[in-house]
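Engineer: For reference, the structure I am asking about is given below.
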Amino acid sequence: MGASFHPFYEWLPDRFSIPLIAKLLLAMVLGFLFFGPHYRLVGEKVLDDWSWLLCLIIVTSMTTLYYATHVFRNMFAQMNSLLRDREPAEENEAYMDKVEQLLSNKRFIWFGAVFAVLNCLVGAVFGVPSKDPLVIMTTYAGFLLAGFVCGMAVCGIVGVVITLTKFLDSEPKIDYTNPDECGGLLFFGEALIRFSGVTLIVGVLISLYIVAVNWASEEAGSALPPVLMWMWIALPFVLSLTVLLAPASRANRTLTEHKIQTAAELVVALDNARNELENAETADQREEIRDEIKYFGELRTQLHRMRVWPFNAQSNIKFLVLFISNAIVALESIRGLISSGASFLPWR
């Protein structure tokens, strides 16, 4: 099942004996395609124009895209196990049709191309801080690469959210006795945290770059560039929360409905068992019914322990640490943006 999801950006590195190393190298090559020519033009000024950070955005975005693809593909086996009472063809139809439709190579390329163009247009509005035509050209090449890779990531986020929602709509088998105490959906929540976390990391790098560069539009003091800057800074953080909360809230509904329905069924079963106990004629019958009542009580305890969000304490701590650390960096960047001058703020 997982093998059927094989995006084009994995074709080349998967030909090597160690695909992981090949993917890391390919991500670095993409960054060098921009940084190499740019460094030859500006030399040590790469530290002043923050082009090294743009290179890092390209490399990190591609690396996290590979990682997110790996995490998503590994979910398929566990998702299928929750649809185990169905025919294999029905398992496929449950969500793989959405994978094939929303995460096709054509859509990846389309999203990448659109965001590559958008990123270049936004960069043009911000104003490249150079008058050298060649430097401007290499900078736009960096914008193009970063936009394309981030656009593919946006395509992935959209596809993941819709696919996972479709999976939950297919009524997977929830087991409140599962040791994960999430009805068997802990893997689901852990994957969402990974998707959200890598998106957050890229978002922080983008915000740092936008704030750090001395854009040509800063001196002009026009209102449009600051508005776009806030939008471009906010977009990755919005996507990070979306890929976490949209599927998680749908999982919460599934788990809550199952918990309420099962609790009602156990109450009925206990009431019936207690009535049978009152009407039991022999000691053996009473002992057997008491064991049954005890069993139902244990099931109710397990049901009570089942969480209705697909996260445990460990996964919550991981996300909070990641979110807080990245939020601190982002807030410091925003504070620097605010303190950079009144002319750079749209509300002043």
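In the structure tokens, chains take the letters A, B, ... in the order shown, each chain's residues start at 1, and ligands count up from 1 in the order shown.
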Residues at most 7 Å from stretch 243-259 of chain A, counting only C-alpha atoms, excluding those fewer than 5 positions away in the same chain, as a list of chain:residue names?
Structural biologist: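 Counting only C-alpha atoms, the residues come to A:Ile157, A:Val161, A:Leu164, A:Thr165, A:Leu168, A:Gly189, A:Leu192, A:Ile193, A:Phe195, A:Ser196, A:Leu303, A:Val308, A:Trp309, A:Pro310.
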Engineer: Have a look at A:Ala124, A:Tyr209, A:Phe188, A:Leu25 and name the one nearest to A:Trp52; count only C-alpha atoms.
Structural biologist: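 Answer, going by the shortest atom-to-atom distance: A:Tyr209.
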Engineer: Which residue out of A:Leu26, A:Ala141, A:Leu277, A:Ala153 has the minimum interatomic distance to A:Thr64 when only C-alpha atoms are used?
Structural biologist: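 Residue with the minimum atom-to-atom distance to A:Thr64: A:Ala153.
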Engineer: Using only C-alpha atoms, determine which residues lie at most 12 Å from A:Gly297, disregarding the query and same-chain residues fewer than 4 positions distant; provide the list as a list in words.
Structural biologist: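 So, after excluding close chain neighbours, the residues are Ala263, Leu266, Val267, Ala269, Leu270, Asp271, Ala273, Arg274, Arg290, Asp291, Glu292, Ile293, Thr301, Gln302, Leu303 and His304 of chain A.
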Engineer: Restrict the selected residues to C-alpha atoms and save them as a compact mmCIF listing (two decimals), in the first residue's frame.
Structural biologist:
```txt
# COMPACT_ATOMS: atom_id res chain seq x y z
CA ALA A 263 -20.51 3.82 27.52
CA LEU A 266 -21.92 -0.96 28.81
CA VAL A 267 -24.51 0.66 31.08
CA ALA A 269 -25.10 -4.57 29.72
CA LEU A 270 -24.49 -3.92 33.42
CA ASP A 271 -28.16 -3.27 34.10
CA ALA A 273 -26.44 -8.42 34.34
CA ARG A 274 -27.66 -6.98 37.65
CA ARG A 290 -20.80 -11.50 39.38
CA ASP A 291 -17.74 -12.27 37.25
CA GLU A 292 -19.58 -10.84 34.26
CA ILE A 293 -20.44 -7.66 36.19
CA THR A 301 -12.62 1.65 33.56
CA GLN A 302 -10.68 1.10 30.35
CA LEU A 303 -13.22 3.15 28.44
CA HIS A 304 -12.94 5.95 30.98
```
Engineer: Which residues, written as a list in words, have at least one atom at most 10 Å from A:Phe111, with only C-alpha atoms counted and residues fewer than 3 positions away on the same chain left out?
Structural biologist: Asn105, Lys106, Arg107, Phe108, Val114, Phe115, Ala116, Gly147, Phe148, Val149, Cys150, Gly151, Met152, Ala153, Val154, Cys155 and Gly156 of chain A
Engineer: So that I have them on file, write out the residues from the current selection with C-alpha atoms, as a short mmCIF file (atom, residue, chain, number, x, y, z; two decimals), in the first residue's frame.
Structural biologist:
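After the write, part_36.cif holds the following:
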```cif
data_model
loop_
_atom_site.label_atom_id
_atom_site.label_comp_id
_atom_site.auth_asym_id
_atom_site.auth_seq_id
_atom_site.Cartn_x
_atom_site.Cartn_y
_atom_site.Cartn_z
CA ASN A 105 2.97 14.38 -9.23
CA LYS A 106 1.01 16.78 -11.39
CA ARG A 107 -0.44 18.54 -8.35
CA PHE A 108 2.91 18.65 -6.58
CA VAL A 114 2.43 28.57 -8.34
CA PHE A 115 4.28 29.24 -5.10
CA ALA A 116 7.56 29.71 -6.95
CA GLY A 147 8.93 28.82 -3.40
CA PHE A 148 8.80 25.63 -5.45
CA VAL A 149 9.85 23.37 -2.56
CA CYS A 150 7.56 25.14 -0.07
CA GLY A 151 4.73 24.95 -2.62
CA MET A 152 5.11 21.19 -2.80
CA ALA A 153 4.97 21.13 1.01
CA VAL A 154 1.72 23.13 0.91
CA CYS A 155 0.33 20.59 -1.54
CA GLY A 156 1.33 17.87 0.91
#
```
Engineer: Pull the alpha helix (DSSP H) assignments for stretch 114-325 of chain A out of DSSP run on the backbone, and list those residues as a PyMOL selection string.
Structural biologist: chain A and resi 114-126+133-169+186-212+216-220+224-279+283-305+313-325
Engineer: Record the distance separating atom CA of A:Asp97 and atom CA of A:Trp110, expressed in Å with one decimal.
Structural biologist: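 For atom CA of A:Asp97 relative to atom CA of A:Trp110, the distance reads 19.1 Å.
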Engineer: Ranking A:Glu10, A:Asp48, A:Glu171, A:Glu190 by minimum distance to A:Gln314 and counting only C-alpha atoms, which one comes first?
Structural biologist: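 For A:Gln314, the nearest of the candidates is A:Glu190.
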Engineer: Choose the residue, out of A:Ser51, A:Ser81, A:Thr60, A:Ser170, that has the smallest atom-to-atom separation from A:Ile136; count only C-alpha atoms.
Structural biologist: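 Of all the options, A:Ser51 lies closest to A:Ile136.
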Engineer: Work out how far atom CA of A:Tyr95 is from atom CA of A:Asn312, in Å to one decimal.
Structural biologist: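 Going from atom CA of A:Asn312 over to atom CA of A:Tyr95, I get 25.3 Å.
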Engineer: Which is closest to A:Asp14 among A:Leu102, A:Tyr66, A:Arg73, A:Cys120, if we use only C-alpha atoms?
Structural biologist: A:Tyr66
Engineer: From the options A:Val117, A:Thr163, A:Asp49, A:Val128, which residue's atoms come nearest to A:Met96, counting only C-alpha atoms?
Structural biologist: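 Among A:Val117, A:Thr163, A:Asp49, A:Val128, it is A:Thr163 that comes nearest to A:Met96.
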Engineer: Atom CA of A:Val160 to atom CA of A:Phe72: how many Å, to one decimal?
Structural biologist: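 A separation of 7.8 Å between them.
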